[in-house]
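Enquirer: Below is one structure. I have some questions about it.
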Amino acid sequence: MSMPASRTRKDMVLMLVFTAAVLTMPIWLAPTGAAYPDLLQKFAIYGIFAIGFNILFGLTGYLSFGHAAFLGIGSYTAVWSFKLLTMNVIPAVIFGTVLSGLFAVLIGFISLRRSGIYFSILTLAFAQMSYNLAYSVLTPITNGETGLQLRLTDARAVDAMLGVEVTEGLPSTNLFGLEMSGYPGFYFCAVMLIIAFFISLRINRSPFGLKLLAIKSNQMRMGYTGYNTRPYLLIAFVISGMYAGLAGSLLAVTDPLAGAERMQWTASGEVVLMTILGGVGTLIGPILGAGLIKYFENIFSSYNEQVLHEIFAFLPDFMENIMVGVFQPFVGEGWHLTLGALFVIVVTFLPGGLMEGMRRLRTVFTRRRDKGKSADGKAST
Amino acid sequence: MSNIGLSVQDVHKNFAGLAALSNVNLQVEEGKTHAIIGPNGAGKSTLLNICVGRIPPDRGSVMFHGEVLTGKTPYEINQIGVARVFQTPEIFPELTLLENVMVPAFAKRDGTFKFNAFRNLSGETDIREDAERSLGDFGLLDQLHHPAASMSRGDKRRLELAMCLVQHPRLLLLDEPTAGMSRADTNRTIETLMQIKERGMTKVIIEHDMHVVFSLADYITVLAQGMVIAEGSPDEVRGNPKVQEAYLGGAHT
């Protein structure tokens, strides 16, 4: 029975490596041009969003097309916590996560009465409903098109009680006095990402996780095996909604405003892309997918004609112009084209996402090494 | 019959006006292997589906050791101690063999729902040992960590039996366990079922293959057009002219 022990040790190593990699992101991402706090925060936040989405989609196979609703609810709740109670981020994060969880109970309870495409459409309908309500009827809560923002006149009851004084301009979000902008903000999100990853790892290795996988594999058999699958699915849905709520509240922590566009269906679709791009059902994949998409969105979109000319400046003039002409549609406003092309390539050739790509590379390398070894062996005998 | 395990009382079922089952009564003695045979469309599978709660009967009821099964869901009926083997093996193709059998073992121990998301699977040694024992009984120990999808049809059937028996059910329902199998696989499955027979649980088996039925059954009920036309020991049924006419006759002329 050495197998389980070694697996636990492997998980510990994975956890340590993951923690180290996340905390040192500002260092090892520097050569890619992505090592600035704003983007690093997004990597961590959307990583959490994708991990949570993967708990539902990766383990149970239920594809939600409405997870952005929970992202939005998390953001609005966090901003309200800043406005009404305190600029401290802890209550904002807790309220954002819990309230999203409550909404997930409601939406999940109804949507999970159906499976497959009907489930996806129900979740999409709920998300679009939330989006439209945020723009119309709920304007007093969401501040409609302008979005929910901080104001000098906000109550901030707890801060007022504790005698925290705002000296000049709008107050900033803080963790017991430590301002949550720049690197402190990133490290706060990074710690949340590490906790989120740890919980996801535990769920994956638990009997509960195994039962979720069994539901994905053959839900009918689960019924005849003595399981009531409904509560299992609902809990997975709620956990995954809470992850989205946490991500949404962290978006508000790093930039305290919330708009309805955060709930739009494109945002729901984005997390599906992230998960599939990275590898559905894998632990790390969704985080890689999230990072890649955010990287493209921020770096590729900032390239313009001038930057391209600089890149290809080493070529003769006419070649330079051709290359710029070829690449221009793929950068700047056209970064979606690059992303789309990448997505098509991955789904066609690597249905298991980037993680499958890495696995294939590894087997190629180990095989080559083994070949080398056996060749050496022959030579020596 | 002294000790009745499963009892089907006066069950009727219509599908779009067509009588699939009418006035079906059936008593299965505890610990015996009871075969239900009959030509295609006789209502055998419908009867089985009613027993496990997949479809409700229009009238009548199913009792198991004095407990009413009618109106209960499949998972409640499983928790009472009824396990089912399907015509095409219903397993978890993406999971490994060990995991396939651990899942039902958890259901037996933890009931219909338990939120054990923070326990580690590798700490569940009891469940693992149960699962390995059950896989061992069916000669599947050497493939513990293989995904179930890659197995042959016969191995999948044996895996499904291992999944059912790890729960130590009081009643095992088998829906044509050798359908679509080669002769060799059929014979191996008969052997496996003979082994199970010694464990003394009640079994109901639906089967087309007379070879399988006569090698296993203690008692046979013959269905035709939704009605019981004969029942008795294998010898009695074999000699019954009504059965010959309705079923055996057609196949053995």
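To be explicit about the labels: the chains of the structure tokens are called A, B, and onward in the order shown, and within each one the residues are counted from 1, while ligands get numbers from 1 in the order they are shown.
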Can you tell me, as a list of chain:residue names, what residues are no more than 12 Å from A:Thr139 when counting only C-alpha atoms, ignoring any on the same chain fewer than 6 positions away?

Expert: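 So, after excluding close chain neighbours, the residues are A:Tyr76, A:Ser130, A:Tyr131, A:Asn132, A:Leu133, A:Glu145, A:Thr146, A:Gly147, A:Leu148, A:Gly259, A:Ala260.
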
Enquirer: When you look at B:Pro56 with a cut-off of 12 Å (counting only C-alpha atoms), what residues show up, excluding the ones that are within fewer than 6 positions of it in the same chain? I need them as a ChimeraX atom specification.

Expert: /B:11-15,46-50,62,69-74

Enquirer: Would you mind telling me which residue in A:Ala50, A:Ile141, A:Leu212, A:Val253 lies nearest to A:Leu277 when using only C-alpha atoms?

Expert: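 Result for the nearest residue to A:Leu277: A:Ala50.
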
Enquirer: Counting only C-alpha atoms, which residues from chain A have an atom at most 7 Å from any atom of chain B, and could you show them as a list in words?

Expert: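 Every residue meeting the condition is included here: Pro4, Arg202, Ile203, Arg205, Ser206, Pro207, Phe208, Gly209, Lys211, Ala214, Ser217, Asn218, Arg221, Gly223, Tyr224, Thr225, Gly226, Tyr227 and Asn228 of chain A.
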
Enquirer: Quick one: everything within 9 Å of A:Gly278, counting only C-alpha atoms, minus sequence neighbours fewer than 6 positions away in the same chain. Send it as a VMD selection string.

Expert: chain A and resid 284 to 290 292 352 to 356

Enquirer: What parts of stretch 124-228 of chain B does DSSP call helix (DSSP H, G or I)? I'd like the answer as a ChimeraX atom specification.

Expert: /B:125-137,141-143,148-150,153-165,183-197,210-216

Enquirer: If we count only C-alpha atoms and set the cut-off at 12 Å, which residues sit around stretch 234-237 of chain B, ignoring sequence neighbours fewer than 2 positions away in its own chain? Please answer as a PyMOL selection string.

Expert: chain B and resi 33-38+210-223+229-232+239-248

Enquirer: Would you save the residues of that selection, restricted to C-alpha atoms, as a PDB file, in the first residue's frame?

Expert:
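And here is the file that came out, out.pdb:
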```pdb
ATOM      1  CA  THR B  33     -32.327 -17.904  -8.492  1.00  0.00           C
ATOM      2  CA  HIS B  34     -35.511 -17.059 -10.298  1.00  0.00           C
ATOM      3  CA  ALA B  35     -35.454 -16.748 -14.074  1.00  0.00           C
ATOM      4  CA  ILE B  36     -37.967 -14.805 -16.110  1.00  0.00           C
ATOM      5  CA  ILE B  37     -38.099 -15.900 -19.710  1.00  0.00           C
ATOM      6  CA  GLY B  38     -40.308 -15.112 -22.636  1.00  0.00           C
ATOM      7  CA  MET B 210     -31.912 -21.212 -22.654  1.00  0.00           C
ATOM      8  CA  HIS B 211     -28.500 -22.671 -21.953  1.00  0.00           C
ATOM      9  CA  VAL B 212     -27.913 -19.938 -19.360  1.00  0.00           C
ATOM     10  CA  VAL B 213     -31.403 -20.260 -17.872  1.00  0.00           C
ATOM     11  CA  PHE B 214     -31.337 -24.006 -17.411  1.00  0.00           C
ATOM     12  CA  SER B 215     -27.842 -23.971 -15.924  1.00  0.00           C
ATOM     13  CA  LEU B 216     -28.687 -21.364 -13.299  1.00  0.00           C
ATOM     14  CA  ALA B 217     -32.357 -21.151 -12.442  1.00  0.00           C
ATOM     15  CA  ASP B 218     -34.082 -22.814  -9.499  1.00  0.00           C
ATOM     16  CA  TYR B 219     -37.453 -21.582 -10.619  1.00  0.00           C
ATOM     17  CA  ILE B 220     -38.739 -20.155 -13.889  1.00  0.00           C
ATOM     18  CA  THR B 221     -41.582 -17.829 -14.754  1.00  0.00           C
ATOM     19  CA  VAL B 222     -42.613 -17.596 -18.384  1.00  0.00           C
ATOM     20  CA  LEU B 223     -44.046 -14.322 -19.659  1.00  0.00           C
ATOM     21  CA  ILE B 229     -48.333 -18.204 -18.887  1.00  0.00           C
ATOM     22  CA  ALA B 230     -46.411 -20.745 -16.838  1.00  0.00           C
ATOM     23  CA  GLU B 231     -44.175 -21.159 -13.852  1.00  0.00           C
ATOM     24  CA  GLY B 232     -42.375 -23.924 -12.064  1.00  0.00           C
ATOM     25  CA  GLY B 239     -42.310 -30.011 -20.300  1.00  0.00           C
ATOM     26  CA  ASN B 240     -45.129 -27.490 -20.368  1.00  0.00           C
ATOM     27  CA  PRO B 241     -46.846 -27.585 -23.790  1.00  0.00           C
ATOM     28  CA  LYS B 242     -48.056 -23.990 -23.433  1.00  0.00           C
ATOM     29  CA  VAL B 243     -44.481 -22.802 -23.071  1.00  0.00           C
ATOM     30  CA  GLN B 244     -43.349 -24.918 -25.999  1.00  0.00           C
ATOM     31  CA  GLU B 245     -46.006 -23.358 -28.128  1.00  0.00           C
ATOM     32  CA  ALA B 246     -45.402 -19.757 -27.042  1.00  0.00           C
ATOM     33  CA  TYR B 247     -41.693 -19.722 -26.828  1.00  0.00           C
ATOM     34  CA  LEU B 248     -39.549 -22.824 -26.947  1.00  0.00           C
TER      35      LEU B 248
END
```

Enquirer: Skip stretch 11-24 of chain A itself and residues of its chain fewer than 6 positions away, then list as a PyMOL selection string all residues within 10 Å of it, counting only C-alpha atoms.

Expert: chain A and resi 5+40+43-44+186-187+190-191+193-195+197-198+201-202+205+284

Enquirer: Can you pull out the residues contacting A:Leu213? Cut-off 6 Å, using only C-alpha atoms, and skip same-chain residues under 3 positions away; I want them as a PyMOL selection string.

Expert: chain A and resi 59-60+210+216

Enquirer: Identify, on the basis of only C-alpha atoms, every residue whose closest approach to A:Glu168 does not exceed 10 Å; exclude the query and any residue fewer than 3 positions from it along the same chain; express the result as a list in words.

Expert: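 The neighbour list is Leu152, Glu165 and Pro171 of chain A.
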
Enquirer: Provide the atom CA of A:Phe327 to atom CA of A:Ile299 distance in Å, to one decimal place.

Expert: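 So the answer is 14.4 Å.
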
Enquirer: Among stretch 43-271 of chain A, which ones does DSSP place in strand (DSSP E or B), written as a PyMOL selection string?

Expert: chain A and resi 88+148-149+174-175+178-179+257-258

Enquirer: Taking only C-alpha atoms into account, which of B:Glu29, B:Asp155, B:Asp142, B:Glu198 comes nearest B:Ser7?

Expert: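 Between B:Glu29, B:Asp155, B:Asp142, B:Glu198, the residue approaching B:Ser7 most closely is B:Glu29.
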